[in-house]
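Shown below: target04.cif, with mmCIF, C-alpha atoms.
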```cif
data_final
#
loop_
_atom_site.label_atom_id
_atom_site.label_comp_id
_atom_site.auth_asym_id
_atom_site.auth_seq_id
_atom_site.Cartn_x
_atom_site.Cartn_y
_atom_site.Cartn_z
CA MET A 1 -66.12 51.70 -160.23
CA SER A 2 -65.34 48.24 -158.80
CA THR A 3 -65.70 47.57 -155.08
CA THR A 4 -63.07 45.40 -153.43
CA THR A 5 -63.42 43.17 -150.40
CA LYS A 6 -60.78 42.62 -147.73
CA LEU A 7 -59.20 39.19 -147.44
CA GLU A 8 -57.51 38.47 -144.11
CA LEU A 9 -54.46 36.22 -144.22
CA ARG A 10 -52.76 34.51 -141.32
CA THR A 11 -48.97 34.97 -141.15
CA ALA A 12 -46.31 34.12 -138.60
CA LEU A 13 -46.10 37.85 -137.79
CA GLY A 14 -49.84 38.44 -137.44
CA PRO A 15 -52.71 39.15 -139.85
CA VAL A 16 -52.25 40.92 -143.18
CA TYR A 17 -54.96 42.00 -145.62
CA ARG A 18 -55.38 41.91 -149.38
CA ASP A 19 -57.95 43.63 -151.59
CA VAL A 20 -59.95 41.29 -153.83
CA LEU A 21 -61.83 42.44 -156.92
CA PRO A 22 -65.50 41.41 -157.26
CA TYR A 23 -65.00 39.55 -160.55
CA PRO A 24 -65.21 35.74 -160.89
CA PRO A 25 -61.96 33.76 -161.31
CA ARG A 26 -60.69 33.62 -164.90
CA ASP A 27 -58.12 31.46 -166.68
CA CYS A 28 -54.54 32.66 -166.39
CA THR A 29 -52.63 33.93 -169.41
CA ALA A 30 -49.30 32.48 -170.53
CA SER A 31 -47.48 35.55 -169.21
CA GLU A 32 -49.18 35.40 -165.80
CA ILE A 33 -48.09 31.81 -165.13
CA PRO A 34 -45.43 30.93 -167.72
CA ILE A 35 -44.01 27.51 -168.55
CA VAL A 36 -40.29 27.13 -167.79
CA ASP A 37 -38.42 24.34 -169.59
CA LEU A 38 -36.00 22.72 -167.12
CA GLN A 39 -34.11 20.70 -169.74
CA PRO A 40 -31.18 23.19 -169.85
CA MET A 41 -30.83 22.88 -166.05
CA PHE A 42 -29.30 19.43 -166.56
CA SER A 43 -26.66 20.75 -169.00
CA ASP A 44 -22.94 21.02 -168.17
CA SER A 45 -22.98 24.47 -169.75
CA LEU A 46 -23.43 27.40 -167.36
CA THR A 47 -24.84 29.44 -170.24
CA GLU A 48 -27.56 26.83 -170.74
CA ARG A 49 -28.38 26.70 -167.03
CA GLN A 50 -28.63 30.48 -166.94
CA LYS A 51 -31.49 30.24 -169.45
CA VAL A 52 -33.47 28.51 -166.72
CA SER A 53 -32.43 30.95 -164.00
CA SER A 54 -33.41 33.93 -166.16
CA ALA A 55 -36.84 32.43 -166.86
CA ILE A 56 -37.33 31.75 -163.13
CA ARG A 57 -36.42 35.33 -162.25
CA ALA A 58 -38.93 36.73 -164.76
CA ALA A 59 -41.73 34.60 -163.30
CA ALA A 60 -40.72 35.13 -159.67
CA VAL A 61 -40.84 38.94 -159.82
CA ASN A 62 -44.25 38.80 -161.50
CA ASN A 63 -46.86 36.53 -159.86
CA GLY A 64 -44.38 34.15 -158.23
CA PHE A 65 -45.96 31.11 -159.93
CA PHE A 66 -44.76 29.15 -162.96
CA TYR A 67 -45.11 25.70 -164.51
CA VAL A 68 -42.05 23.52 -165.17
CA LYS A 69 -41.74 20.87 -167.86
CA ASN A 70 -38.96 18.32 -168.45
CA HIS A 71 -38.55 18.17 -164.69
CA GLY A 72 -37.32 14.57 -164.59
CA ILE A 73 -39.99 12.99 -162.34
CA SER A 74 -41.48 10.08 -164.22
CA PRO A 75 -45.25 9.85 -164.85
CA ALA A 76 -45.18 6.31 -163.42
CA THR A 77 -43.72 7.55 -160.11
CA ILE A 78 -46.42 10.19 -159.87
CA ALA A 79 -49.21 7.76 -160.82
CA ARG A 80 -48.17 5.21 -158.19
CA CYS A 81 -48.05 7.87 -155.49
CA LYS A 82 -51.49 9.13 -156.46
CA ASP A 83 -52.86 5.57 -156.28
CA ARG A 84 -51.42 5.09 -152.79
CA VAL A 85 -52.94 8.40 -151.65
CA LEU A 86 -56.34 7.19 -152.85
CA ASP A 87 -55.79 3.84 -151.10
CA PHE A 88 -55.23 5.73 -147.87
CA MET A 89 -58.09 8.22 -148.27
CA LYS A 90 -60.67 5.56 -149.18
CA GLN A 91 -60.18 3.79 -145.84
CA PRO A 92 -62.74 4.03 -143.05
CA ARG A 93 -62.20 7.05 -140.83
CA GLU A 94 -60.99 4.95 -137.88
CA MET A 95 -58.15 3.57 -140.01
CA LYS A 96 -57.06 7.02 -141.16
CA ASP A 97 -57.17 8.17 -137.55
CA LEU A 98 -54.42 5.67 -136.71
CA VAL A 99 -52.13 8.42 -137.98
CA SER A 100 -54.18 11.39 -136.77
CA SER A 101 -52.07 14.52 -136.67
CA HIS A 102 -53.99 16.04 -133.78
CA LYS A 103 -53.53 12.91 -131.62
CA ASN A 104 -50.01 11.83 -132.52
CA SER A 105 -47.83 14.63 -133.81
CA LYS A 106 -45.72 17.43 -132.34
CA TYR A 107 -44.74 18.65 -135.79
CA TYR A 108 -47.98 18.56 -137.82
CA ASN A 109 -47.34 15.22 -139.48
CA GLY A 110 -50.10 12.70 -140.17
CA TYR A 111 -53.74 12.79 -141.22
CA ILE A 112 -56.10 15.74 -140.92
CA GLY A 113 -59.74 15.12 -141.80
CA SER A 114 -62.18 17.24 -143.77
CA LYS A 115 -63.14 20.48 -142.01
CA LYS A 116 -60.63 19.80 -139.22
CA ALA A 117 -58.40 22.73 -140.17
CA GLN A 118 -58.92 26.28 -141.40
CA ILE A 119 -55.94 27.93 -143.01
CA SER A 120 -57.76 31.18 -143.81
CA PRO A 121 -59.53 33.17 -141.08
CA SER A 122 -61.64 34.90 -143.77
CA GLU A 123 -63.10 31.71 -145.22
CA THR A 124 -64.64 28.41 -144.19
CA ALA A 125 -62.97 25.37 -142.71
CA ASP A 126 -60.97 23.45 -145.33
CA VAL A 127 -62.86 20.61 -147.02
CA ARG A 128 -59.67 18.80 -148.05
CA GLU A 129 -58.27 15.77 -146.26
CA SER A 130 -54.49 15.60 -146.01
CA PHE A 131 -51.65 13.23 -145.13
CA ALA A 132 -48.35 14.93 -144.25
CA PHE A 133 -44.82 13.83 -143.44
CA ARG A 134 -41.57 15.70 -143.01
CA TYR A 135 -37.87 15.20 -143.57
CA SER A 136 -36.06 12.27 -141.96
CA PRO A 137 -32.35 11.83 -142.80
CA GLU A 138 -32.56 8.05 -143.19
CA LEU A 139 -35.06 8.56 -146.04
CA ASP A 140 -32.93 11.10 -147.96
CA PRO A 141 -32.50 9.81 -151.55
CA ASP A 142 -29.24 11.73 -152.09
CA HIS A 143 -27.33 10.90 -148.87
CA PRO A 144 -29.28 8.72 -146.43
CA LYS A 145 -27.97 8.84 -142.85
CA ASP A 146 -28.96 7.47 -139.50
CA MET A 147 -30.14 10.10 -137.03
CA SER A 148 -27.01 9.42 -134.93
CA GLU A 149 -24.79 10.47 -137.86
CA ILE A 150 -26.15 13.96 -138.40
CA PRO A 151 -24.66 17.05 -136.71
CA ASP A 152 -25.72 17.80 -133.14
CA GLU A 153 -26.95 21.25 -134.07
CA VAL A 154 -29.28 19.81 -136.72
CA ARG A 155 -30.76 16.88 -134.79
CA PRO A 156 -33.31 18.84 -132.68
CA TRP A 157 -34.73 20.37 -135.85
CA ILE A 158 -35.59 17.11 -137.63
CA ARG A 159 -39.38 17.00 -137.95
CA GLY A 160 -40.04 13.52 -139.35
CA GLU A 161 -42.07 11.14 -137.12
CA ASP A 162 -42.27 7.37 -137.61
CA PHE A 163 -45.92 6.97 -136.62
CA VAL A 164 -47.02 8.01 -140.13
CA TRP A 165 -45.41 4.86 -141.55
CA GLU A 166 -46.23 2.55 -138.63
CA GLY A 167 -49.94 3.36 -138.93
CA THR A 168 -50.01 2.78 -142.69
CA ARG A 169 -47.92 -0.40 -142.96
CA HIS A 170 -51.08 -2.43 -143.72
CA LEU A 171 -51.42 -0.57 -147.06
CA PRO A 172 -49.38 -2.39 -149.74
CA ASN A 173 -46.47 -0.33 -151.11
CA PHE A 174 -47.75 2.82 -149.39
CA LYS A 175 -44.46 3.95 -147.86
CA GLU A 176 -42.37 2.88 -150.85
CA ASP A 177 -44.47 4.65 -153.48
CA CYS A 178 -45.02 7.81 -151.43
CA LEU A 179 -41.31 8.09 -150.70
CA ALA A 180 -40.37 7.46 -154.35
CA TYR A 181 -42.32 10.58 -155.35
CA TRP A 182 -41.12 12.58 -152.33
CA GLY A 183 -37.50 11.60 -152.97
CA SER A 184 -37.76 12.59 -156.62
CA CYS A 185 -39.10 15.98 -155.54
CA LEU A 186 -36.25 16.43 -153.06
CA THR A 187 -33.60 15.64 -155.67
CA LEU A 188 -35.27 18.03 -158.13
CA ALA A 189 -35.58 20.77 -155.48
CA ARG A 190 -31.87 20.62 -154.68
CA ARG A 191 -31.11 21.18 -158.36
CA LEU A 192 -33.73 23.88 -158.68
CA VAL A 193 -32.46 25.85 -155.68
CA ARG A 194 -29.18 26.26 -157.59
CA MET A 195 -31.14 27.90 -160.41
CA PHE A 196 -32.74 30.22 -157.87
CA ALA A 197 -29.26 31.15 -156.61
CA LEU A 198 -28.14 32.02 -160.13
CA SER A 199 -31.32 33.99 -160.68
CA LEU A 200 -30.40 36.22 -157.71
CA ASP A 201 -26.83 36.79 -158.97
CA LEU A 202 -25.40 34.49 -156.30
CA GLU A 203 -22.94 31.66 -156.75
CA GLU A 204 -24.75 28.58 -158.03
CA ASN A 205 -23.77 26.60 -154.94
CA TYR A 206 -24.77 29.38 -152.49
CA TRP A 207 -27.42 27.25 -150.75
CA ASP A 208 -25.90 23.78 -151.26
CA GLU A 209 -24.61 23.42 -147.68
CA LYS A 210 -27.85 24.89 -146.30
CA VAL A 211 -30.16 22.23 -147.79
CA THR A 212 -28.35 19.11 -146.56
CA TYR A 213 -31.12 18.33 -144.01
CA PRO A 214 -33.83 20.60 -145.38
CA GLY A 215 -37.40 21.42 -144.82
CA ALA A 216 -38.88 18.86 -147.21
CA ASP A 217 -42.57 18.34 -146.50
CA GLY A 218 -44.78 15.94 -148.41
CA VAL A 219 -48.44 16.90 -147.98
CA PHE A 220 -50.83 14.77 -150.03
CA ASN A 221 -54.26 16.31 -150.47
CA TYR A 222 -57.62 14.73 -151.27
CA TYR A 223 -60.55 16.93 -152.28
CA PRO A 224 -63.88 15.07 -152.48
CA ALA A 225 -66.51 16.17 -154.97
CA ARG A 226 -68.41 19.10 -153.45
CA THR A 227 -71.70 18.38 -151.73
CA LYS A 228 -74.80 20.50 -152.22
CA GLU A 229 -74.31 22.01 -148.76
CA GLU A 230 -70.69 22.91 -149.52
CA VAL A 231 -71.74 24.65 -152.73
CA GLU A 232 -74.52 26.60 -151.00
CA LYS A 233 -72.30 27.63 -148.08
CA GLN A 234 -69.31 28.35 -150.38
CA PHE A 235 -66.92 26.00 -148.60
CA VAL A 236 -63.33 26.16 -149.83
CA GLY A 237 -61.18 23.12 -150.54
CA LEU A 238 -58.18 24.91 -149.03
CA GLY A 239 -58.48 28.53 -147.95
CA SER A 240 -56.42 31.52 -149.08
CA HIS A 241 -52.80 31.45 -147.90
CA THR A 242 -49.18 31.81 -148.87
CA ASP A 243 -46.62 29.00 -148.59
CA LEU A 244 -43.92 29.21 -145.96
CA GLN A 245 -40.56 27.97 -147.17
CA LEU A 246 -38.32 28.64 -150.20
CA PHE A 247 -40.59 27.20 -152.87
CA THR A 248 -43.24 24.57 -153.49
CA LEU A 249 -43.42 21.87 -156.17
CA LEU A 250 -46.97 20.81 -156.94
CA TRP A 251 -48.35 18.01 -159.04
CA GLN A 252 -52.09 18.44 -159.61
CA ASP A 253 -54.40 16.03 -161.40
CA SER A 254 -56.53 16.97 -164.40
CA ILE A 255 -59.51 18.19 -162.34
CA GLY A 256 -58.08 21.60 -161.49
CA GLY A 257 -59.03 23.98 -158.71
CA LEU A 258 -55.86 25.96 -157.91
CA GLN A 259 -56.38 29.74 -158.03
CA ILE A 260 -53.89 32.54 -157.39
CA LEU A 261 -54.52 36.16 -156.47
CA THR A 262 -52.77 38.70 -158.70
CA ARG A 263 -51.34 41.88 -157.25
CA GLU A 264 -54.34 43.69 -158.77
CA GLY A 265 -56.66 41.51 -156.68
CA GLN A 266 -58.01 39.23 -159.43
CA TRP A 267 -58.32 35.48 -158.85
CA ILE A 268 -56.88 33.52 -161.79
CA LYS A 269 -56.96 29.76 -162.40
CA ALA A 270 -53.73 27.76 -162.66
CA LYS A 271 -55.24 25.10 -164.88
CA PRO A 272 -53.51 21.70 -165.06
CA ILE A 273 -51.05 21.25 -167.93
CA GLU A 274 -50.10 17.65 -168.61
CA GLY A 275 -46.45 16.82 -167.94
CA THR A 276 -45.81 19.85 -165.75
CA LEU A 277 -45.44 20.71 -162.11
CA VAL A 278 -46.44 24.06 -160.64
CA VAL A 279 -43.72 25.94 -158.75
CA ASN A 280 -44.43 28.88 -156.46
CA ILE A 281 -42.35 31.15 -154.26
CA GLY A 282 -42.67 30.80 -150.49
CA ASP A 283 -42.53 33.42 -147.74
CA PHE A 284 -38.98 32.55 -146.64
CA MET A 285 -37.63 33.03 -150.16
CA MET A 286 -39.44 36.36 -150.36
CA ARG A 287 -37.73 37.40 -147.10
CA LEU A 288 -34.30 36.25 -148.30
CA CYS A 289 -34.55 38.31 -151.49
CA ASN A 290 -35.95 41.40 -149.73
CA ASP A 291 -39.38 41.11 -151.39
CA MET A 292 -38.00 41.02 -154.94
CA TYR A 293 -39.66 37.63 -155.54
CA LYS A 294 -43.34 37.32 -154.74
CA SER A 295 -44.94 34.81 -152.37
CA THR A 296 -48.42 34.92 -153.81
CA VAL A 297 -51.77 34.21 -152.16
CA HIS A 298 -53.53 31.12 -153.51
CA ARG A 299 -56.41 28.79 -152.66
CA VAL A 300 -58.12 25.64 -153.93
CA THR A 301 -61.75 25.03 -154.79
CA ASN A 302 -62.87 21.74 -156.28
CA GLU A 303 -65.92 22.82 -158.24
CA SER A 304 -66.23 19.60 -160.20
CA THR A 305 -68.34 16.55 -159.49
CA GLN A 306 -65.18 14.44 -159.28
CA GLU A 307 -62.62 13.88 -156.54
CA ARG A 308 -59.29 15.71 -156.83
CA VAL A 309 -55.78 14.78 -155.71
CA SER A 310 -52.76 17.05 -155.43
CA LEU A 311 -49.23 16.25 -154.28
CA PRO A 312 -47.39 19.35 -153.02
CA PHE A 313 -43.80 19.25 -151.80
CA PHE A 314 -42.59 22.17 -149.68
CA PHE A 315 -38.85 22.88 -149.79
CA GLY A 316 -36.76 25.03 -147.47
CA LEU A 317 -33.38 25.44 -145.85
CA ASN A 318 -32.13 23.28 -142.99
CA PHE A 319 -34.45 24.27 -140.17
CA ASN A 320 -31.57 25.25 -137.86
CA ARG A 321 -30.13 27.76 -140.35
CA VAL A 322 -30.62 31.37 -139.26
CA GLU A 323 -30.62 33.44 -142.43
CA GLY A 324 -31.18 37.05 -143.36
CA VAL A 325 -31.53 38.84 -146.68
CA VAL A 326 -28.95 37.61 -149.23
CA PRO A 327 -26.16 40.06 -150.13
CA SER A 328 -27.22 40.50 -153.76
CA CYS A 329 -30.63 41.86 -152.70
CA THR A 330 -29.53 44.76 -150.51
CA SER A 331 -27.82 48.05 -151.18
CA GLU A 332 -27.39 51.46 -149.59
CA SER A 333 -30.68 52.57 -151.13
CA ASN A 334 -32.39 49.22 -150.50
CA PRO A 335 -31.48 48.04 -146.98
CA ALA A 336 -32.62 44.68 -145.59
CA LYS A 337 -36.28 44.74 -144.55
CA TYR A 338 -36.07 41.61 -142.40
CA GLU A 339 -34.09 40.41 -139.41
CA PRO A 340 -32.49 36.95 -139.65
CA ILE A 341 -34.64 34.01 -138.49
CA SER A 342 -34.43 30.24 -138.89
CA CYS A 343 -36.66 28.55 -141.45
CA GLY A 344 -37.78 26.14 -138.71
CA ASP A 345 -38.90 28.90 -136.36
CA TRP A 346 -40.67 30.68 -139.20
CA CYS A 347 -42.69 27.59 -140.14
CA GLN A 348 -43.44 26.49 -136.59
CA LYS A 349 -44.91 29.89 -135.68
CA ARG A 350 -47.63 29.74 -138.32
CA PHE A 351 -48.41 26.04 -137.95
CA LYS A 352 -48.85 26.55 -134.21
CA MET A 353 -51.03 29.61 -134.76
CA GLU A 354 -53.28 27.79 -137.26
CA ARG A 355 -53.82 24.79 -135.01
CA GLU A 356 -54.42 26.81 -131.84
CA ASP A 357 -56.88 29.12 -133.59
CA PHE A 358 -58.82 26.17 -134.99
CA VAL A 359 -58.95 24.31 -131.66
CA GLU A 360 -60.18 27.47 -129.92
CA LYS A 361 -62.88 27.93 -132.57
CA GLU A 362 -64.02 24.30 -132.23
CA LEU A 363 -64.27 24.63 -128.44
CA LYS A 364 -66.42 27.73 -128.78
CA GLN A 365 -68.75 25.96 -131.20
CA LYS A 366 -69.10 22.97 -128.84
CA LYS A 367 -69.92 25.25 -125.91
CA GLN A 368 -72.55 27.05 -127.96
CA ALA A 369 -74.07 23.73 -129.02
CA ILE A 370 -74.53 22.48 -125.45
CA ALA A 371 -75.50 25.81 -123.87
CA PRO A 372 -79.10 25.80 -122.56
CA SER A 373 -81.50 27.95 -124.53
CA ALA A 374 -83.62 30.52 -122.72
CA VAL A 375 -87.34 30.69 -123.55
CA VAL A 376 -89.37 33.65 -122.33
CA VAL A 377 -92.92 32.77 -121.30
CA ALA A 378 -95.75 35.02 -120.17
CA ALA A 379 -96.21 35.18 -116.39
#
```
Now, as a test, write the supplied structure out as structure tokens.
Amino acid sequence: MSTTTKLELRTALGPVYRDVLPYPPRDCTASEIPIVDLQPMFSDSLTERQKVSSAIRAAAVNNGFFYVKNHGISPATIARCKDRVLDFMKQPREMKDLVSSHKNSKYYNGYIGSKKAQISPSETADVRESFAFRYSPELDPDHPKDMSEIPDEVRPWIRGEDFVWEGTRHLPNFKEDCLAYWGSCLTLARRLVRMFALSLDLEENYWDEKVTYPGADGVFNYYPARTKEEVEKQFVGLGSHTDLQLFTLLWQDSIGGLQILTREGQWIKAKPIEGTLVVNIGDFMMRLCNDMYKSTVHRVTNESTQERVSLPFFFGLNFNRVEGVVPSCTSESNPAKYEPISCGDWCQKRFKMEREDFVEKELKQKKQAIAPSAVVVAA
């Protein structure tokens, strides 16, 4: 009989626990993380588009992860963004710290160094380095607007901060190439959210007016090759967690490292497939559909001797929108499990919790390091 271990996860509503089987991670099967062809999504035919929404529904009720091909983001756009991420990460630490998140940001934008965050309370500090930026209306590829032009009720919820671009302007084409990838993801996400609406038996345009100034976070991750110490101490690249918003689009390079936890408690590897992105359901989507779609626990370990880059894009509703369970996912026998909340409040709660917990842990470690040691000697 197998013995499970408890994995503690940090959520905006407090800790939750998952059972994990004692077996090593294995490769996923095609049914566990299927490939969804997005080509029909671009068709004028509703019947064709419904092929995509049906495939999304089948994947979302299972493990909540799937690959997409024919997504429309060019390989050249991705390659240029990856190159700019490496340009940034290869700088001396003092240059990266020009855009330090801890020093400069109210909204978790900017650079976070290796082992300067810990997303999972059950695991080690995260080895990854990251550069993050959030939605600004003037950068929107579909309808750019000056901050003064957007509705008053939206303006306080905009989370973009200019320091991320001011502190990287010395890097040639950095802003342009990063935003080209980010903008392509945003355009794709606005199309894809229509497929999610269809998949939940809603009108295709159900969310259109709720993603005009959306949660749209670019978080570019760099995972160095693991050191001997990191192997021995079982450091994680990025600890176990779920994503927060509607869904995530992820480009990962050929190195691999993404693992997801099945409902049975088995870690499985989401190996890179050329020409695809990985899509996974976030917590807010799971709330909106009354737990029908699954926001699945995942983590990253770079077990290779090579560096790894990943380019996730996190997509959600306008942060000011207060939303409850959608009408198609409730009934007399299946009432809403969740009270309405704004996507912005939901995200901010967990980000704040993660940072405060990590700062508190660092302070404790510093105090322990400088505390005088007591030596007992014979009288």
Task: All residues 6 Å or closer to stretch 129-137 of chain A, all atoms listed in the file, same chain fewer than 3 positions away omitted, as a PyMOL selection string - done: chain A and resi 109-114+140+144-145+159-160+216-222
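Pairwise distance (atom CA of A:Asp19, atom CA of A:Gly257) equals 20.9 Å.
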TODO: Show which residues sit within 8 Å of A:Ala60, as a PyMOL selection string. Count only C-alpha atoms, and ignore same-chain residues fewer than 2 positions away.
DONE: chain A and resi 56-58+62-66+280-281+293-294
TODO: List the residues selected by the PyMOL selection byres ((chain A and resi 258) around 8) in the file shown, writing them as an MDAnalysis selection string.
DONE: chainID A and resid 256:257 259:260 269:271 298:301
Task: Within 7 Å of file point (-38.1, 29.1, -147.2), counting only C-alpha atoms, expressed as a ChimeraX atom specification - done: /A:244-247,282-285,315-317,343
Open item on the list: With distances taken over all atoms listed in the file, which residue among A:Thr187, A:Ser254, A:Thr124, A:Thr5 lies nearest A:Glu307?
Closed with: A:Ser254
Dump as JSON lines the rows for residues of stretch 292-320 of chain A within 12 Å of stretch 171-179 of chain A: closest atom pair and distance in Å with one decimal, all atoms listed in the file counted, ordered by chain and rising residue number.
```
{"residue": "A:Leu311", "atom": "CA", "partner": "A:Cys178", "partner_atom": "CA", "distance": 9.9}
{"residue": "A:Pro312", "atom": "CA", "partner": "A:Cys178", "partner_atom": "CA", "distance": 11.9}
{"residue": "A:Phe313", "atom": "CA", "partner": "A:Leu179", "partner_atom": "CA", "distance": 11.5}
```
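Shortest separation to A:Gln39 among A:Ser333, A:Asn70, A:Ser54, A:Gln266 occurs at residue A:Asn70, atoms counted being only C-alpha atoms.
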- [ ] Calculate how many Å separate atom CA of A:Glu356 from atom CA of A:Arg287, rounding to one decimal.
- [x] 25.0 Å
Please evaluate the PyMOL selection byres ((chain A and resi 105) around 10) against the structure above and give the resulting residues as an mmCIF file with C-alpha atoms, in the coordinates of the input.
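Listing of result.cif after writing:
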```
data_model
loop_
_atom_site.group_PDB
_atom_site.id
_atom_site.type_symbol
_atom_site.label_atom_id
_atom_site.label_comp_id
_atom_site.auth_asym_id
_atom_site.auth_seq_id
_atom_site.Cartn_x
_atom_site.Cartn_y
_atom_site.Cartn_z
ATOM 1 C CA VAL A 99 -52.130 8.420 -137.980
ATOM 2 C CA SER A 100 -54.180 11.390 -136.770
ATOM 3 C CA SER A 101 -52.070 14.520 -136.670
ATOM 4 C CA HIS A 102 -53.990 16.040 -133.780
ATOM 5 C CA LYS A 103 -53.530 12.910 -131.620
ATOM 6 C CA ASN A 104 -50.010 11.830 -132.520
ATOM 7 C CA LYS A 106 -45.720 17.430 -132.340
ATOM 8 C CA TYR A 107 -44.740 18.650 -135.790
ATOM 9 C CA TYR A 108 -47.980 18.560 -137.820
ATOM 10 C CA ASN A 109 -47.340 15.220 -139.480
ATOM 11 C CA GLY A 110 -50.100 12.700 -140.170
ATOM 12 C CA TYR A 111 -53.740 12.790 -141.220
ATOM 13 C CA ARG A 159 -39.380 17.000 -137.950
ATOM 14 C CA GLY A 160 -40.040 13.520 -139.350
ATOM 15 C CA GLU A 161 -42.070 11.140 -137.120
ATOM 16 C CA ASP A 162 -42.270 7.370 -137.610
ATOM 17 C CA PHE A 163 -45.920 6.970 -136.620
ATOM 18 C CA VAL A 164 -47.020 8.010 -140.130
#
```
Task: Neighbour list for A:Gly265 as a list in words, cut-off 7 Å, all atoms listed in the file, skip fewer than 3 positions in-chain - done: Asp19, Val20, Leu21, Leu261 and Thr262 of chain A
Please complete stretch 51-66 of chain A with N, CA and C atoms and give it back as a compact mmCIF listing (two decimals), in the frame of the given file.
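Now in out-v1.txt:
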```
# COMPACT_ATOMS: atom_id res chain seq x y z
N LYS A 51 -30.20 30.06 -168.76
CA LYS A 51 -31.49 30.24 -169.45
C LYS A 51 -32.64 29.92 -168.50
N VAL A 52 -32.45 28.89 -167.69
CA VAL A 52 -33.47 28.51 -166.72
C VAL A 52 -33.56 29.56 -165.61
N SER A 53 -32.41 29.98 -165.09
CA SER A 53 -32.43 30.95 -164.00
C SER A 53 -33.05 32.28 -164.43
N SER A 54 -32.81 32.68 -165.66
CA SER A 54 -33.41 33.93 -166.16
C SER A 54 -34.93 33.81 -166.27
N ALA A 55 -35.39 32.65 -166.74
CA ALA A 55 -36.84 32.43 -166.86
C ALA A 55 -37.49 32.39 -165.48
N ILE A 56 -36.81 31.79 -164.50
CA ILE A 56 -37.33 31.75 -163.13
C ILE A 56 -37.43 33.16 -162.57
N ARG A 57 -36.41 33.96 -162.78
CA ARG A 57 -36.42 35.33 -162.25
C ARG A 57 -37.60 36.13 -162.82
N ALA A 58 -37.82 35.99 -164.14
CA ALA A 58 -38.93 36.73 -164.76
C ALA A 58 -40.27 36.34 -164.17
N ALA A 59 -40.45 35.06 -163.89
CA ALA A 59 -41.73 34.60 -163.30
C ALA A 59 -41.83 34.98 -161.83
N ALA A 60 -40.70 34.92 -161.11
CA ALA A 60 -40.72 35.13 -159.67
C ALA A 60 -40.98 36.58 -159.29
N VAL A 61 -40.57 37.53 -160.13
CA VAL A 61 -40.84 38.94 -159.82
C VAL A 61 -42.25 39.34 -160.25
N ASN A 62 -42.91 38.49 -161.01
CA ASN A 62 -44.25 38.80 -161.50
C ASN A 62 -45.29 38.27 -160.50
N ASN A 63 -45.87 37.11 -160.77
CA ASN A 63 -46.86 36.53 -159.86
C ASN A 63 -46.29 35.46 -158.93
N GLY A 64 -45.01 35.12 -159.13
CA GLY A 64 -44.38 34.15 -158.23
C GLY A 64 -44.83 32.71 -158.45
N PHE A 65 -45.51 32.45 -159.56
CA PHE A 65 -45.96 31.11 -159.93
C PHE A 65 -45.48 30.81 -161.34
N PHE A 66 -45.06 29.57 -161.59
CA PHE A 66 -44.76 29.15 -162.96
C PHE A 66 -44.88 27.63 -163.04
```
